[in-house]
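File shown: work.cif (mmCIF, C-alpha atoms).
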data_run
loop_
_atom_site.label_atom_id
_atom_site.label_comp_id
_atom_site.auth_asym_id
_atom_site.auth_seq_id
_atom_site.Cartn_x
_atom_site.Cartn_y
_atom_site.Cartn_z
CA MET B 18 20.59 -19.20 -29.04
CA SER B 19 24.19 -19.19 -27.87
CA GLU B 20 26.86 -21.64 -29.03
CA ARG B 21 26.16 -23.81 -25.99
CA GLY B 22 22.47 -24.02 -26.79
CA THR B 23 21.37 -21.74 -23.94
CA ILE B 24 18.76 -19.04 -24.26
CA ALA B 25 20.13 -15.54 -23.68
CA ILE B 26 18.07 -13.20 -21.48
CA PRO B 27 19.21 -9.84 -20.09
CA ILE B 28 18.11 -10.16 -16.43
CA ALA B 29 17.04 -13.30 -14.57
CA ILE B 30 15.28 -13.09 -11.21
CA ILE B 31 15.26 -16.24 -9.10
CA GLY B 32 12.19 -16.35 -6.88
CA ALA B 33 8.66 -14.99 -7.29
CA GLY B 34 8.08 -13.81 -3.74
CA SER B 35 7.41 -10.17 -2.94
CA THR B 36 11.03 -9.08 -3.48
CA GLY B 37 11.43 -10.93 -6.76
CA LEU B 38 8.11 -9.73 -8.17
CA ALA B 39 8.80 -6.15 -7.07
CA ALA B 40 12.21 -6.22 -8.77
CA ALA B 41 10.64 -7.59 -11.94
CA ILE B 42 8.01 -4.84 -11.96
CA ALA B 43 10.55 -2.10 -11.29
CA LEU B 44 12.92 -3.32 -14.01
CA ALA B 45 10.16 -3.86 -16.58
CA LYS B 46 8.90 -0.33 -15.94
CA ARG B 47 12.41 0.86 -16.83
CA GLY B 48 12.36 -1.00 -20.14
CA PHE B 49 14.51 -4.01 -19.24
CA ASP B 50 13.85 -7.53 -20.49
CA VAL B 51 13.28 -9.60 -17.35
CA ARG B 52 12.36 -13.20 -16.68
CA VAL B 53 11.39 -14.68 -13.32
CA PHE B 54 12.13 -18.29 -12.36
CA GLU B 55 10.20 -19.81 -9.46
CA ARG B 56 10.86 -23.31 -8.09
CA ALA B 57 7.26 -23.84 -6.90
CA GLU B 58 4.78 -25.24 -9.40
CA ARG B 59 2.39 -22.41 -8.54
CA LEU B 60 2.06 -19.53 -6.10
CA ASP B 61 -0.42 -20.39 -3.37
CA ALA B 62 -1.81 -17.78 -0.99
CA LEU B 63 0.04 -19.25 1.98
CA GLY B 64 1.16 -17.55 5.16
CA ALA B 65 -0.66 -15.11 7.38
CA GLY B 66 -0.50 -11.35 7.80
CA ILE B 67 2.25 -8.93 6.89
CA THR B 68 2.83 -5.35 8.01
CA LEU B 69 3.67 -2.84 5.29
CA TRP B 70 5.16 0.26 6.88
CA SER B 71 5.43 3.65 5.21
CA ASN B 72 8.82 2.79 3.68
CA ALA B 73 7.30 -0.23 1.93
CA LEU B 74 4.26 1.76 0.77
CA CYS B 75 6.60 4.32 -0.84
CA VAL B 76 8.13 1.51 -2.90
CA LEU B 77 4.77 -0.03 -3.73
CA ARG B 78 3.42 3.35 -4.78
CA GLU B 79 6.19 3.65 -7.38
CA LEU B 80 5.37 0.14 -8.57
CA GLY B 81 1.72 1.13 -9.03
CA VAL B 82 0.16 -1.21 -6.45
CA ALA B 83 0.02 0.82 -3.23
CA GLU B 84 -3.43 2.33 -3.71
CA ARG B 85 -5.06 -1.02 -4.39
CA LEU B 86 -3.50 -2.45 -1.24
CA ILE B 87 -4.52 0.55 0.87
CA ALA B 88 -8.09 0.20 -0.40
CA ARG B 89 -8.17 -3.43 0.79
CA ALA B 90 -6.76 -2.72 4.28
CA ASP B 91 -7.55 -0.87 7.48
CA PRO B 92 -4.73 1.68 7.94
CA LEU B 93 -3.05 1.39 11.33
CA VAL B 94 -3.74 4.22 13.76
CA ARG B 95 -2.23 3.20 17.10
CA GLY B 96 0.31 0.62 18.27
CA GLU B 97 0.52 -0.60 21.87
CA THR B 98 2.95 -2.74 23.87
CA ARG B 99 1.04 -4.25 26.80
CA ARG B 100 1.51 -6.12 30.05
CA VAL B 101 -0.18 -9.49 30.59
CA ASP B 102 -3.05 -7.76 32.42
CA GLY B 103 -3.70 -5.52 29.41
CA SER B 104 -2.26 -2.29 30.79
CA VAL B 105 -0.23 -0.31 28.26
CA LEU B 106 3.54 -0.13 28.64
CA ALA B 107 4.23 1.98 25.56
CA ALA B 108 2.26 3.33 22.63
CA PHE B 109 2.79 5.33 19.49
CA GLU B 110 0.56 6.79 16.82
CA PHE B 111 0.78 5.71 13.20
CA VAL B 112 -1.13 8.75 11.92
CA GLY B 113 1.84 11.04 12.45
CA LEU B 114 4.06 8.63 10.52
CA ALA B 115 1.64 8.67 7.59
CA ARG B 116 1.67 12.48 7.50
CA GLU B 117 5.44 12.70 7.85
CA PHE B 118 6.31 10.13 5.19
CA GLY B 119 3.39 10.56 2.82
CA ALA B 120 2.23 6.95 3.11
CA PRO B 121 0.24 5.05 5.75
CA CYS B 122 1.14 1.85 7.56
CA ILE B 123 -1.14 -1.10 6.79
CA ALA B 124 -1.39 -4.84 7.36
CA VAL B 125 -2.58 -7.26 4.68
CA HIS B 126 -2.64 -10.99 4.12
CA ARG B 127 0.52 -12.15 2.36
CA GLY B 128 -1.71 -13.59 -0.35
CA VAL B 129 -3.19 -10.14 -1.01
CA LEU B 130 0.26 -8.60 -1.48
CA GLN B 131 1.24 -11.47 -3.76
CA GLU B 132 -1.96 -11.09 -5.78
CA GLU B 133 -1.45 -7.36 -6.37
CA LEU B 134 2.22 -7.79 -7.32
CA LEU B 135 1.35 -10.58 -9.75
CA ARG B 136 -1.34 -8.36 -11.27
CA ALA B 137 1.24 -5.62 -11.88
CA CYS B 138 4.03 -7.90 -13.13
CA SER B 139 4.38 -7.92 -16.93
CA ALA B 140 7.54 -10.07 -16.92
CA PRO B 141 7.11 -13.77 -17.77
CA ILE B 142 7.26 -16.12 -14.79
CA GLU B 143 8.36 -19.73 -15.22
CA PHE B 144 7.12 -22.04 -12.49
CA GLY B 145 8.67 -25.36 -11.56
CA ALA B 146 12.14 -24.00 -12.37
CA GLU B 147 14.41 -25.56 -9.72
CA LEU B 148 17.77 -23.79 -9.79
CA VAL B 149 20.76 -26.13 -9.45
CA ASN B 150 23.78 -23.96 -10.14
CA VAL B 151 24.97 -20.49 -11.11
CA ARG B 152 28.23 -19.94 -13.00
CA GLU B 153 29.57 -16.60 -14.08
CA GLY B 154 31.52 -16.58 -17.31
CA SER B 155 32.68 -14.16 -19.94
CA GLY B 156 29.97 -11.53 -20.43
CA GLY B 157 27.20 -13.26 -18.54
CA VAL B 158 25.92 -15.85 -16.09
CA GLU B 159 24.90 -19.42 -16.85
CA LEU B 160 21.95 -20.81 -14.92
CA GLU B 161 21.49 -24.56 -14.59
CA PHE B 162 18.04 -25.87 -13.71
CA GLY B 163 16.71 -29.31 -12.86
CA GLY B 164 16.77 -31.70 -15.80
CA GLY B 165 20.03 -30.22 -17.10
CA ARG B 166 18.46 -27.20 -18.81
CA ARG B 167 20.72 -24.16 -19.04
CA GLU B 168 20.06 -20.53 -19.76
CA ARG B 169 22.24 -17.42 -19.80
CA ALA B 170 21.61 -13.97 -18.39
CA ALA B 171 23.48 -10.69 -18.29
CA LEU B 172 22.60 -10.39 -14.58
CA VAL B 173 21.05 -12.63 -11.94
CA ILE B 174 19.11 -11.38 -8.90
CA GLY B 175 18.66 -14.06 -6.27
CA ALA B 176 15.40 -13.35 -4.43
CA ASP B 177 14.72 -16.96 -3.54
CA GLY B 178 14.12 -16.65 0.18
CA VAL B 179 15.75 -17.59 3.44
CA ARG B 180 16.98 -20.94 2.09
CA SER B 181 18.30 -19.35 -1.08
CA ARG B 182 19.95 -21.63 -3.62
CA VAL B 183 21.70 -18.63 -5.16
CA ARG B 184 23.24 -17.72 -1.80
CA ALA B 185 24.31 -21.33 -1.21
CA VAL B 186 26.04 -21.48 -4.61
CA LEU B 187 27.90 -18.26 -3.80
CA GLY B 188 29.12 -19.80 -0.54
CA GLY B 189 26.85 -17.86 1.80
CA GLU B 190 26.07 -18.98 5.33
CA GLU B 191 23.05 -21.03 6.31
CA PRO B 192 20.37 -19.44 8.54
CA VAL B 193 20.52 -19.98 12.30
CA TYR B 194 17.77 -20.56 14.87
CA SER B 195 16.72 -17.57 16.98
CA GLY B 196 15.68 -19.65 20.00
CA TYR B 197 11.93 -19.13 19.63
CA VAL B 198 9.06 -20.27 17.43
CA ALA B 199 6.26 -18.23 15.89
CA TYR B 200 2.59 -19.16 15.71
CA ARG B 201 0.46 -17.21 13.23
CA ALA B 202 -3.12 -17.19 12.02
CA VAL B 203 -5.71 -15.10 10.22
CA GLN B 204 -9.23 -15.37 11.57
CA ALA B 205 -12.56 -13.59 11.14
CA PHE B 206 -13.15 -11.75 14.41
CA SER B 207 -15.33 -9.10 16.03
CA ARG B 208 -14.47 -5.42 15.60
CA GLU B 209 -15.53 -4.83 19.18
CA LEU B 210 -12.71 -7.05 20.47
CA VAL B 211 -10.04 -5.98 17.96
CA PRO B 212 -11.02 -2.52 16.69
CA SER B 213 -9.91 -1.03 13.40
CA GLY B 214 -6.58 0.73 13.44
CA LEU B 215 -5.21 -0.89 16.62
CA ALA B 216 -2.16 -3.15 16.76
CA PHE B 217 -1.09 -4.58 20.11
CA GLU B 218 1.70 -6.83 21.34
CA THR B 219 1.70 -8.21 24.88
CA TRP B 220 4.93 -9.25 26.60
CA GLY B 221 5.26 -11.96 29.22
CA ALA B 222 8.09 -14.22 30.40
CA ALA B 223 9.96 -15.36 27.26
CA LYS B 224 6.75 -15.15 25.23
CA ARG B 225 4.66 -12.59 23.37
CA PHE B 226 1.25 -12.37 21.73
CA GLY B 227 -0.01 -9.75 19.30
CA ALA B 228 -2.92 -8.96 17.00
CA LEU B 229 -4.06 -6.39 14.46
CA ARG B 230 -6.93 -6.10 12.03
CA LEU B 231 -6.32 -6.76 8.32
CA ASP B 232 -9.70 -5.61 7.05
CA ALA B 233 -13.34 -5.33 8.06
CA GLU B 234 -13.61 -9.08 8.66
CA ASN B 235 -10.21 -10.56 9.50
CA VAL B 236 -7.65 -10.27 12.29
CA TYR B 237 -4.03 -11.38 12.05
CA TRP B 238 -2.69 -12.75 15.34
CA PHE B 239 0.73 -14.09 16.23
CA ALA B 240 2.66 -15.48 19.18
CA ALA B 241 6.35 -16.02 19.96
CA LEU B 242 7.46 -18.69 22.40
CA ASP B 243 10.88 -19.99 23.46
CA ALA B 244 11.13 -23.64 22.37
CA PRO B 245 13.61 -26.20 21.06
CA ARG B 246 14.11 -26.07 17.31
CA ASP B 247 12.09 -28.39 15.08
CA SER B 248 9.97 -29.72 17.94
CA SER B 249 6.67 -31.10 16.71
CA ASP B 250 3.43 -29.56 17.94
CA THR B 251 0.31 -31.26 16.63
CA ARG B 252 -1.97 -29.60 19.20
CA ARG B 253 -1.09 -25.98 18.62
CA ARG B 254 -4.17 -24.36 20.10
CA GLU B 255 -3.74 -26.42 23.26
CA THR B 256 -0.13 -25.26 23.53
CA LEU B 257 -1.10 -21.63 23.00
CA LEU B 258 -3.95 -21.75 25.50
CA ALA B 259 -1.61 -23.25 28.10
CA HIS B 260 0.76 -20.31 27.65
CA PHE B 261 -1.60 -17.43 26.86
CA GLY B 262 -5.08 -18.50 27.97
CA GLY B 263 -4.90 -16.47 31.17
CA TRP B 264 -3.74 -13.26 29.50
CA HIS B 265 -5.94 -10.25 28.87
CA ALA B 266 -8.89 -10.28 26.45
CA PRO B 267 -9.25 -10.94 23.59
CA ILE B 268 -6.23 -13.29 23.48
CA ARG B 269 -8.00 -16.42 24.67
CA GLU B 270 -10.98 -15.67 22.42
CA LEU B 271 -8.72 -15.29 19.38
CA ILE B 272 -7.02 -18.64 19.97
CA GLU B 273 -10.26 -20.49 20.68
CA SER B 274 -12.00 -19.05 17.60
CA THR B 275 -9.28 -20.22 15.20
CA PRO B 276 -9.50 -23.75 13.75
CA GLU B 277 -6.47 -25.91 14.54
CA GLN B 278 -5.58 -26.33 10.87
CA ASN B 279 -5.37 -22.55 10.41
CA VAL B 280 -2.67 -22.08 13.06
CA LEU B 281 0.77 -21.99 11.44
CA ARG B 282 3.96 -22.78 13.39
CA HIS B 283 7.48 -21.90 12.24
CA ASP B 284 10.93 -21.87 13.75
CA VAL B 285 12.14 -18.26 13.62
CA ILE B 286 15.42 -18.40 11.72
CA GLU B 287 17.70 -15.65 10.47
CA LEU B 288 21.05 -15.03 8.87
CA ALA B 289 23.57 -14.30 11.61
CA ARG B 290 24.86 -11.51 9.36
CA PRO B 291 23.69 -10.36 5.93
CA ALA B 292 25.22 -12.19 2.99
CA GLU B 293 27.48 -10.61 0.41
CA LEU B 294 24.92 -8.60 -1.55
CA ALA B 295 26.66 -8.77 -4.94
CA ARG B 296 29.47 -10.70 -6.53
CA GLY B 297 30.18 -9.94 -10.15
CA ARG B 298 26.96 -10.26 -12.13
CA VAL B 299 25.01 -11.97 -9.35
CA ALA B 300 23.15 -10.12 -6.56
CA LEU B 301 21.03 -11.16 -3.59
CA ALA B 302 17.91 -9.38 -2.36
CA GLY B 303 15.26 -9.82 0.31
CA ASP B 304 15.45 -12.80 2.66
CA ALA B 305 18.05 -14.43 0.43
CA ALA B 306 20.39 -11.58 1.38
CA HIS B 307 19.40 -10.66 4.93
CA ALA B 308 16.72 -12.92 6.43
CA MET B 309 15.87 -11.32 9.75
CA THR B 310 13.63 -11.95 12.73
CA PRO B 311 10.10 -10.52 12.43
CA ASN B 312 10.28 -8.33 15.54
CA LEU B 313 10.22 -4.97 13.74
CA GLY B 314 7.88 -6.08 10.96
CA GLN B 315 10.49 -4.88 8.46
CA GLY B 316 11.66 -8.06 6.70
CA ALA B 317 9.42 -7.79 3.64
CA CYS B 318 9.62 -3.99 3.72
CA VAL B 319 13.41 -4.01 3.44
CA GLY B 320 13.16 -6.60 0.65
CA LEU B 321 10.90 -4.22 -1.28
CA GLU B 322 13.48 -1.47 -0.75
CA ASP B 323 16.13 -3.82 -2.20
CA ALA B 324 13.99 -4.43 -5.28
CA LEU B 325 13.62 -0.75 -6.11
CA VAL B 326 17.24 0.15 -5.40
CA VAL B 327 18.64 -2.67 -7.56
CA ALA B 328 16.34 -1.58 -10.41
CA ARG B 329 17.48 2.02 -10.05
CA ALA B 330 21.13 0.93 -10.02
CA ILE B 331 20.66 -1.06 -13.23
CA GLU B 332 18.80 1.85 -14.82
CA ARG B 333 21.73 4.12 -14.01
CA ARG B 334 24.62 1.81 -14.98
CA GLY B 335 23.04 -0.73 -17.30
CA ALA B 336 22.92 -4.51 -16.93
CA THR B 337 26.48 -4.65 -15.60
CA ALA B 338 28.45 -5.90 -12.62
CA GLU B 339 29.10 -2.24 -11.74
CA ALA B 340 25.35 -1.71 -11.26
CA LEU B 341 25.14 -4.59 -8.79
CA ALA B 342 28.23 -3.36 -6.92
CA SER B 343 26.58 0.06 -6.61
CA TYR B 344 23.42 -1.59 -5.29
CA ALA B 345 25.44 -3.54 -2.70
CA ARG B 346 27.22 -0.42 -1.46
CA ALA B 347 23.92 1.45 -1.16
CA ARG B 348 22.19 -1.32 0.81
CA ARG B 349 24.82 -2.86 3.07
CA ALA B 350 24.64 -0.54 6.08
CA ARG B 351 20.84 -0.31 5.90
CA VAL B 352 20.17 -4.06 5.94
CA GLU B 353 22.77 -4.71 8.65
CA ARG B 354 21.22 -2.06 10.90
CA VAL B 355 17.63 -3.27 10.54
CA ALA B 356 18.61 -6.93 11.05
CA ARG B 357 20.58 -6.00 14.17
CA ASP B 358 17.78 -3.87 15.60
CA SER B 359 15.22 -6.59 14.92
CA ARG B 360 17.36 -9.19 16.68
CA ARG B 361 17.76 -6.88 19.70
CA ALA B 362 14.02 -6.21 19.82
CA GLY B 363 13.39 -9.95 19.93
CA ARG B 364 15.81 -10.44 22.80
CA TRP B 365 14.16 -7.55 24.63
CA GLY B 366 10.71 -9.05 24.16
CA GLN B 367 11.74 -12.62 25.04
CA ILE B 368 13.35 -11.83 28.43
CA GLU B 369 12.49 -14.52 31.00
CA ASN B 370 14.29 -13.36 34.17
CA PRO B 371 11.71 -11.61 36.43
CA ALA B 372 14.08 -8.88 37.62
CA LEU B 373 15.19 -8.06 34.08
CA ARG B 374 11.57 -8.02 32.90
CA TRP B 375 10.64 -5.63 35.69
CA MET B 376 13.46 -3.28 34.66
CA ARG B 377 12.47 -3.57 31.00
CA ASP B 378 8.83 -2.80 31.73
CA ALA B 379 9.71 0.10 34.01
CA ALA B 380 11.89 1.57 31.26
CA LEU B 381 9.18 1.16 28.63
CA ALA B 382 6.61 2.77 30.88
CA SER B 383 8.75 5.87 31.39
CA VAL B 384 11.84 7.06 29.54
CA ALA B 385 11.68 4.51 26.72
CA ARG B 386 8.31 5.61 25.36
CA PRO B 387 9.62 8.62 23.38
CA LEU B 388 12.74 6.62 22.47
CA LEU B 389 10.53 3.92 20.92
CA ALA B 390 8.71 6.47 18.77
CA ARG B 391 12.00 7.99 17.64
CA MET B 392 13.40 4.56 16.77
CA VAL B 393 10.36 3.74 14.62
CA ARG B 394 10.59 7.09 12.82
CA LYS B 395 14.32 6.67 12.21
CA THR B 396 13.84 3.16 10.80
CA LEU B 397 11.27 4.45 8.31
CA ALA B 398 13.14 7.65 7.46
CA ASP B 399 16.38 5.75 6.85
CA GLY B 400 14.56 3.28 4.63
CA ILE B 401 12.99 5.98 2.47
CA ALA B 402 16.30 7.88 2.25
CA SER B 403 18.08 4.68 1.23
CA LEU B 404 15.94 4.41 -1.91
CA THR B 405 17.94 7.25 -3.49
CA ALA B 406 21.33 6.61 -1.86
CA LEU B 407 23.12 5.20 -4.93
CA ASP B 408 26.62 6.43 -5.66
#

Take the structure from the file and write it as structure tokens.
Amino acid sequence: MSERGTIAIPIAIIGAGSTGLAAAIALAKRGFDVRVFERAERLDALGAGITLWSNALCVLRELGVAERLIARADPLVRGETRRVDGSVLAAFEFVGLAREFGAPCIAVHRGVLQEELLRACSAPIEFGAELVNVREGSGGVELEFGGGRRERAALVIGADGVRSRVRAVLGGEEPVYSGYVAYRAVQAFSRELVPSGLAFETWGAAKRFGALRLDAENVYWFAALDAPRDSSDTRRRETLLAHFGGWHAPIRELIESTPEQNVLRHDVIELARPAELARGRVALAGDAAHAMTPNLGQGACVGLEDALVVARAIERRGATAEALASYARARRARVERVARDSRRAGRWGQIENPALRWMRDAALASVARPLLARMVRKTLADGIASLTALD
């Protein structure tokens, strides 16, 4: 115990989402004493599907959980961007990515990823720990939790999500609304209508719908729709059928087969620019640092990259402010670029003006097809290279 009655721990991680758990696993594997603090009373298997690209699988392989996830998923083979009538605007093959980067691309339920990370995490996790304040002092950081309890740590990694308390204490910006909402669901569905290995996304006027198979039984589907922020929608399937019911099969069938209570609706929010990734002995990672729109499917993947890089920085420089500064320098350009590209992809997909949509579709159907494949490859290659980019 310290003189102030606080418990001293080397590294505190705030948040037990995928980034926080991955950081805890990576640090524990390197011999560091780590403790995770999670504000929720328990971790429920909430959410829908999540895409884990090759860059994420490379991280998860080092953490020892990739093979279990791959065994539970249907690896992606082909991705398609479609018109409302079902004709293909652009396509690329995932198989070449898997060969090039040594890891496949898969989609799993968020609860499955959480389950496998929890299984691999040897660090203690304290639930119901509501962070109130963070104060850096001489030689460490004091954490204040609800009820007045205080603890000290050599370092703090804030991985507490888009509405991060750690970021707020450091003076970071609040997330902003993207202009569109996301509907998501996971539903048991026929292989004939959504075959294994196929992911598609269909673009209309300021709205999109996509689907991909998670496993032999379940399909993850999602929709994006321009709407006012925080508007209530108690009849979600009715809304979706009004917008997408006349689109190509199996979109209507997917919506109609999903119970109303299983359809999730969220405002799509993001940080207008990534937060300061490290200040002294406190760092941010994952959505707490760079919450981005879901248009590239890279949000969780980049958070997993953060987790491994911060662990490698601490392994190299010890539990010091210098380690976190090295982590911030290594990650800044990467997270800014992916967040920017994801925002642009969303604007591209949400175009409403008919003339602009025609030009977009014409470009995708011709010159943009190879450009799309190159962009995907560059995003993954840069992510994998960034894992070893510490100074």

In terms of the shortest atom-to-atom distance over all atoms listed in the file, which of B:Val186, B:Ile174, B:Leu294, B:Leu301 is closest to B:Ile30? B:Ile174

Expected selection from the PyMOL selection byres ((chain B and resi 164) around 12), given as a compact mmCIF listing (two decimals) with C-alpha atoms, keeping the file's coordinate frame:
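File written: part-v2.txt
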# COMPACT_ATOMS: atom_id res chain seq x y z
CA GLY B 145 8.67 -25.36 -11.56
CA ALA B 146 12.14 -24.00 -12.37
CA GLU B 147 14.41 -25.56 -9.72
CA LEU B 148 17.77 -23.79 -9.79
CA VAL B 149 20.76 -26.13 -9.45
CA ASN B 150 23.78 -23.96 -10.14
CA GLU B 161 21.49 -24.56 -14.59
CA PHE B 162 18.04 -25.87 -13.71
CA GLY B 163 16.71 -29.31 -12.86
CA GLY B 165 20.03 -30.22 -17.10
CA ARG B 166 18.46 -27.20 -18.81
CA ARG B 167 20.72 -24.16 -19.04

Pick out the residues sitting within 6 Å of stretch 206-217 of chain B, and hand them over as a PyMOL selection string; count all atoms listed in the file, and ignore anything fewer than 4 positions along from it in its own chain. chain B and resi 92-98+227-229+235

Do you have, as JSON lines, the list of residues of stretch 319-384 of chain B lying at most 10 Å from stretch 62-83 of chain B, each with its nearest atom pair and that distance in Å to one decimal, counting only C-alpha atoms and ordered by chain then number?
{"residue": "B:Val319", "atom": "CA", "partner": "B:Ala73", "partner_atom": "CA", "distance": 7.3}
{"residue": "B:Gly320", "atom": "CA", "partner": "B:Ala73", "partner_atom": "CA", "distance": 8.7}
{"residue": "B:Leu321", "atom": "CA", "partner": "B:Ala73", "partner_atom": "CA", "distance": 6.3}
{"residue": "B:Glu322", "atom": "CA", "partner": "B:Val76", "partner_atom": "CA", "distance": 6.5}
{"residue": "B:Asp323", "atom": "CA", "partner": "B:Val76", "partner_atom": "CA", "distance": 9.6}
{"residue": "B:Ala324", "atom": "CA", "partner": "B:Val76", "partner_atom": "CA", "distance": 8.7}
{"residue": "B:Leu325", "atom": "CA", "partner": "B:Val76", "partner_atom": "CA", "distance": 6.7}
{"residue": "B:Val326", "atom": "CA", "partner": "B:Val76", "partner_atom": "CA", "distance": 9.5}

For a quick check of understanding, using only C-alpha atoms, which of B:Ile368, B:Leu106, B:Ala170, B:Ala124 has the smallest distance to B:Ala241?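 Using only C-alpha atoms, B:Ala241 sits closest to B:Ile368.
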
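Of the listed residues (B:Gly128, B:Gly316, B:Gly34, B:Pro371), B:Gly34 comes nearest to B:Ile142; the distances count only C-alpha atoms.
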